[in-house]
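Novice: Got a structure for you, run-v3.csv, holding CSV, C-alpha atoms.
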chain,number,residue,atom,x,y,z
F,27,MET,CA,39.9,22.6,-2.6
F,28,LEU,CA,41.3,24.6,-5.5
F,29,LYS,CA,42.7,27.9,-4.4
F,30,LYS,CA,42.2,31.2,-6.1
F,31,ARG,CA,44.6,32.0,-8.9
F,32,ALA,CA,44.2,35.2,-10.9
F,33,PRO,CA,42.1,35.9,-12.8
F,34,LEU,CA,39.7,33.0,-12.0
F,35,ALA,CA,39.3,30.3,-9.4
F,36,ILE,CA,37.5,26.9,-9.4
F,37,PRO,CA,34.6,27.2,-7.0
F,38,LEU,CA,34.8,23.9,-5.1
F,39,SER,CA,32.8,25.4,-2.3
F,40,LEU,CA,29.8,24.9,-4.5
F,41,LEU,CA,30.4,21.2,-4.3
F,42,THR,CA,30.9,20.8,-0.6
F,43,ALA,CA,27.2,20.3,0.1
F,44,ALA,CA,27.2,17.4,-2.3
F,45,THR,CA,29.1,15.3,0.2
F,46,GLY,CA,25.9,14.9,2.2
F,47,LEU,CA,23.8,13.3,-0.5
F,48,ALA,CA,22.0,11.1,1.9
F,49,GLY,CA,20.7,14.2,3.9
F,50,CYS,CA,17.1,15.2,3.6
F,51,SER,CA,16.7,18.4,5.7
F,52,SER,CA,15.0,21.5,4.4
F,53,ASP,CA,14.9,25.1,5.5
F,54,LYS,CA,12.5,26.4,2.9
F,55,HIS,CA,8.9,25.4,2.1
F,56,GLU,CA,7.0,26.1,-1.0
F,57,SER,CA,3.9,24.7,-2.6
F,58,GLY,CA,4.0,21.4,-4.6
F,59,PRO,CA,3.7,21.2,-8.4
F,60,SER,CA,0.0,21.8,-8.3
F,61,GLY,CA,0.4,24.9,-6.1
F,62,LYS,CA,-1.7,23.4,-3.2
F,63,PRO,CA,-0.5,23.8,0.4
F,64,ALA,CA,1.3,20.9,2.0
F,65,SER,CA,-0.7,18.6,4.2
F,66,SER,CA,0.6,17.8,7.7
F,67,SER,CA,-1.3,14.6,8.4
F,68,PRO,CA,-0.8,11.9,5.7
F,69,THR,CA,-2.6,8.6,6.2
F,70,ALA,CA,-0.7,5.6,7.4
F,71,ALA,CA,-1.1,4.1,4.0
F,72,ASP,CA,0.7,7.1,2.5
F,73,GLN,CA,3.6,7.1,5.0
F,74,ALA,CA,5.7,4.8,2.7
F,75,MET,CA,5.2,7.2,-0.2
F,76,VAL,CA,6.2,10.1,1.9
F,77,ALA,CA,9.4,8.4,3.1
F,78,TRP,CA,10.3,7.3,-0.4
F,79,VAL,CA,9.7,10.6,-2.2
F,80,SER,CA,11.6,12.4,0.6
F,81,LYS,CA,14.6,10.3,-0.2
F,82,VAL,CA,14.3,10.9,-3.9
F,83,CYS,CA,13.9,14.7,-3.4
F,84,ALA,CA,16.9,14.9,-1.1
F,85,ALA,CA,19.1,13.0,-3.5
F,86,ASP,CA,17.8,15.1,-6.4
F,87,SER,CA,18.6,18.3,-4.5
F,88,HIS,CA,22.3,17.5,-4.2
F,89,VAL,CA,22.5,16.4,-7.8
F,90,GLN,CA,21.1,19.8,-8.7
F,91,GLN,CA,23.8,21.5,-6.7
F,92,MET,CA,26.4,19.6,-8.7
F,93,ALA,CA,24.6,20.4,-12.0
F,94,GLY,CA,24.6,24.1,-11.1
F,95,THR,CA,28.3,24.3,-10.4
F,96,GLU,CA,30.0,27.0,-12.4
F,97,VAL,CA,33.4,25.8,-13.6
F,98,PRO,CA,35.6,28.6,-15.0
F,99,THR,CA,36.7,26.9,-18.2
F,100,THR,CA,39.0,29.8,-19.2
F,101,SER,CA,41.1,29.6,-16.0
F,102,ASN,CA,44.5,27.8,-16.0
F,103,PRO,CA,45.3,26.8,-12.4
F,104,PRO,CA,48.1,24.3,-11.6
F,105,ARG,CA,47.6,20.9,-13.0
F,106,ALA,CA,47.6,19.3,-9.6
F,107,GLN,CA,44.7,21.4,-8.5
F,108,VAL,CA,42.8,20.6,-11.7
F,109,ARG,CA,43.3,16.9,-11.1
F,110,ALA,CA,42.2,17.2,-7.5
F,111,PHE,CA,39.1,19.1,-8.6
F,112,ILE,CA,38.2,16.5,-11.2
F,113,LYS,CA,38.8,13.6,-8.7
F,114,ASN,CA,36.4,15.3,-6.3
F,115,ILE,CA,33.7,15.5,-9.0
F,116,GLY,CA,34.1,11.9,-9.9
F,117,GLN,CA,33.7,10.9,-6.2
F,118,GLN,CA,30.5,13.0,-5.9
F,119,LEU,CA,29.0,11.4,-9.0
F,120,ARG,CA,29.7,7.9,-7.7
F,121,LEU,CA,28.3,8.9,-4.3
F,122,GLY,CA,25.1,10.1,-6.1
F,123,VAL,CA,24.8,6.7,-7.7
F,124,THR,CA,25.2,4.9,-4.4
F,125,THR,CA,22.6,7.2,-2.8
F,126,PHE,CA,20.0,6.5,-5.4
F,127,GLU,CA,20.8,2.8,-5.3
F,128,GLY,CA,20.1,2.8,-1.6
F,129,ILE,CA,16.7,4.4,-1.8
F,130,GLY,CA,15.0,1.0,-2.0
F,131,HIS,CA,11.9,-0.3,-3.7
F,132,ALA,CA,9.3,2.3,-4.5
F,133,PRO,CA,5.8,1.9,-3.1
F,134,VAL,CA,4.3,3.4,-6.2
F,135,ALA,CA,4.1,2.1,-9.8
F,136,GLY,CA,6.8,3.7,-11.9
F,137,GLY,CA,8.9,4.8,-8.9
F,138,ASP,CA,11.7,2.3,-9.5
F,139,GLU,CA,12.0,3.5,-13.1
F,140,VAL,CA,12.4,7.1,-11.9
F,141,VAL,CA,15.3,6.1,-9.5
F,142,ALA,CA,16.9,4.0,-12.3
F,143,ALA,CA,16.7,7.1,-14.6
F,144,TYR,CA,18.7,9.1,-12.1
F,145,ILE,CA,21.3,6.4,-11.8
F,146,ARG,CA,21.7,6.2,-15.6
F,147,GLY,CA,22.0,9.9,-15.8
F,148,LEU,CA,24.7,10.0,-13.2
F,149,LYS,CA,26.6,7.0,-14.6
F,150,ASP,CA,26.5,8.5,-18.1
F,151,ARG,CA,28.5,11.5,-16.9
F,152,ILE,CA,31.3,9.4,-15.3
F,153,PRO,CA,33.1,8.7,-18.6
F,154,ASP,CA,33.3,12.4,-19.3
F,155,ILE,CA,35.0,12.9,-15.9
F,156,LYS,CA,37.4,10.1,-16.6
F,157,ARG,CA,38.2,11.7,-19.9
F,158,ALA,CA,38.9,15.0,-18.2
F,159,GLU,CA,41.1,13.3,-15.6
F,160,SER,CA,43.1,11.5,-18.3
F,161,PHE,CA,43.7,14.8,-20.1
F,162,ALA,CA,44.8,16.5,-16.9
F,163,ARG,CA,47.3,13.7,-16.2
F,164,GLY,CA,49.1,14.4,-19.6
F,165,SER,CA,52.1,16.6,-20.0
F,166,GLY,CA,50.8,18.9,-22.7
F,167,SER,CA,49.1,22.3,-22.2
F,168,MET,CA,45.6,22.1,-20.9
F,169,MET,CA,44.6,25.2,-22.7
F,170,ALA,CA,43.3,25.3,-26.3
F,171,ALA,CA,41.6,28.2,-28.0
F,172,GLY,CA,41.3,30.0,-24.7
F,173,ALA,CA,39.6,27.1,-22.9
F,174,ASN,CA,40.9,24.7,-20.3
F,175,LEU,CA,39.9,21.4,-21.9
F,176,PRO,CA,39.7,19.2,-18.8
F,177,LEU,CA,37.6,21.8,-17.0
F,178,LEU,CA,35.5,22.1,-20.2
F,179,TYR,CA,34.8,18.4,-20.1
F,180,VAL,CA,33.8,18.7,-16.4
F,181,SER,CA,31.5,21.7,-17.0
F,182,THR,CA,29.7,20.0,-19.9
F,183,ALA,CA,29.2,16.8,-17.8
F,184,LEU,CA,27.8,18.7,-14.8
F,185,HIS,CA,25.5,20.9,-16.7
F,186,SER,CA,24.1,17.7,-18.5
F,187,LEU,CA,23.1,16.0,-15.2
F,188,ALA,CA,19.5,14.9,-15.4
F,189,PRO,CA,17.4,11.7,-15.1
F,190,LYS,CA,17.8,9.6,-18.3
F,191,GLY,CA,14.3,8.3,-18.6
F,192,PRO,CA,11.2,9.0,-16.6
F,193,ASP,CA,11.4,11.8,-14.0
F,194,LEU,CA,9.8,12.5,-10.7
F,195,LEU,CA,7.6,15.3,-11.7
F,196,SER,CA,5.9,13.3,-14.5
F,197,LEU,CA,5.3,10.5,-12.0
F,198,VAL,CA,3.8,12.9,-9.4
F,199,ASP,CA,1.5,14.4,-12.0
F,200,ARG,CA,0.1,10.9,-12.8
F,201,ASN,CA,-0.5,9.7,-9.3
F,202,ALA,CA,-2.8,11.7,-6.9
F,203,ALA,CA,-1.6,9.8,-3.8
F,204,LEU,CA,2.0,10.4,-4.7
F,205,ALA,CA,1.2,14.1,-5.3
F,206,GLN,CA,-0.1,14.3,-1.8
F,207,ALA,CA,3.0,12.6,-0.4
F,208,TYR,CA,5.1,15.0,-2.5
F,209,ARG,CA,3.4,18.0,-1.0
F,210,THR,CA,3.9,16.6,2.5
F,211,ALA,CA,7.6,15.7,2.2
F,212,PRO,CA,9.8,18.6,3.5
F,213,PRO,CA,12.8,17.8,1.1
F,214,CYS,CA,10.4,18.1,-1.9
F,215,GLN,CA,9.6,21.8,-1.0
F,216,ARG,CA,13.1,23.2,-1.7
F,217,SER,CA,12.9,23.2,-5.5
F,218,LEU,CA,11.4,21.4,-8.4
F,219,PRO,CA,13.1,18.1,-9.2
F,220,LEU,CA,15.3,17.8,-12.3
F,221,LYS,CA,13.4,17.0,-15.5
F,222,ALA,CA,14.6,14.3,-17.9
F,223,HIS,CA,16.2,15.5,-21.1
F,224,SER,CA,14.6,12.7,-23.1
F,225,PRO,CA,10.8,12.1,-23.5
F,226,THR,CA,9.3,10.5,-20.5
F,227,PRO,CA,7.8,7.1,-21.2
F,228,THR,CA,4.8,5.9,-19.3
F,229,PRO,CA,5.9,3.1,-16.9
F,230,SER,CA,4.2,-0.3,-17.1
F,231,ARG,CA,1.7,-1.0,-14.3
Please rewrite the model in this file as structure tokens.
Specialist:
Amino acid sequence: MLKKRAPLAIPLSLLTAATGLAGCSSDKHESGPSGKPASSSPTAADQAMVAWVSKVCAADSHVQQMAGTEVPTTSNPPRAQVRAFIKNIGQQLRLGVTTFEGIGHAPVAGGDEVVAAYIRGLKDRIPDIKRAESFARGSGSMMAAGANLPLLYVSTALHSLAPKGPDLLSLVDRNAALAQAYRTAPPCQRSLPLKAHSPTPTPSR
């Protein structure tokens, strides 16, 4: 963990929760995207949907924690601390990929495309982290025009995290059974899932 160094410090504490990407607990409950209250008794036929969407929402929640990390790009901590920070970020991105890859086949049409969109979104940010890591390994100054360039690469990469393709909300809106499962799944009540940056195509059925 990067330690404080005046005047700014890199808040690695915001990333510690990301190490539990496979978790799916929730301590807050809100209404689903339609505003309807959650149901407590899904039918047996919907249990697979509840289990699947729970995994997606849990994984999404931790990606959002990474995406929301504030990296102080004007700070200039020791190079070794910057490199350790960047290495941690790279590990969390790869863990995110592994978590989504382990979710398994979706029991709803279009679900596999949503998971694949998350995986693409995460993988697309890894080259940015590698670029930052390479820069931090150099011997020249990390600062340019008042910005720490390796940390700037990291900040840009994290704030760009999103599914690259169809997203979960668009799929929920098109499928009434999945919408019910979404309202039932506790991990889905913490916050709205990330939206894709690109237009969401309609999956083939």
Novice: Write out as JSON, numbers by chain each polymer residue whose atoms come within 12 Å of Leu194 of chain F, counting only C-alpha atoms; drop sequence neighbours fewer than 5 positions from it.
Specialist: {"F": [59, 78, 79, 80, 81, 82, 83, 85, 86, 132, 134, 135, 136, 137, 138, 139, 140, 141, 142, 143, 144, 188, 189, 199, 200, 201, 204, 205, 208, 214, 218, 219, 220, 221, 222, 226, 227, 228, 229]}
Novice: Leaving out segment 98-106 of chain F and any residue of its chain fewer than 4 positions from it, which residues lie within 6 Å of it when counting all atoms listed in the file, given as a PyMOL selection string?
Specialist: chain F and resi 34+172-174+177-178
Novice: Could you check how far atom CA of Thr124 of chain F sits from atom CA of Gln206 of chain F, in Å to one decimal?
Specialist: 27.1 Å
Novice: For the atom pair atom CA of Ile145 of chain F and atom CA of Phe126 of chain F, what is the interatomic distance in Å to one decimal place?
Specialist: 6.5 Å
Novice: Tell me, in Å to one decimal, how far atom CA of Glu127 of chain F is from atom CA of Arg146 of chain F.
Specialist: 10.9 Å
Novice: Using all atoms listed in the file, pick whichever of F:Ser181, F:Ser160, F:Ile152, F:Asp72 has the shortest atom-to-atom distance to Arg209 of chain F.
Specialist: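 Looking only at the distances to Arg209 of chain F, the closest residue turns out to be F:Asp72.
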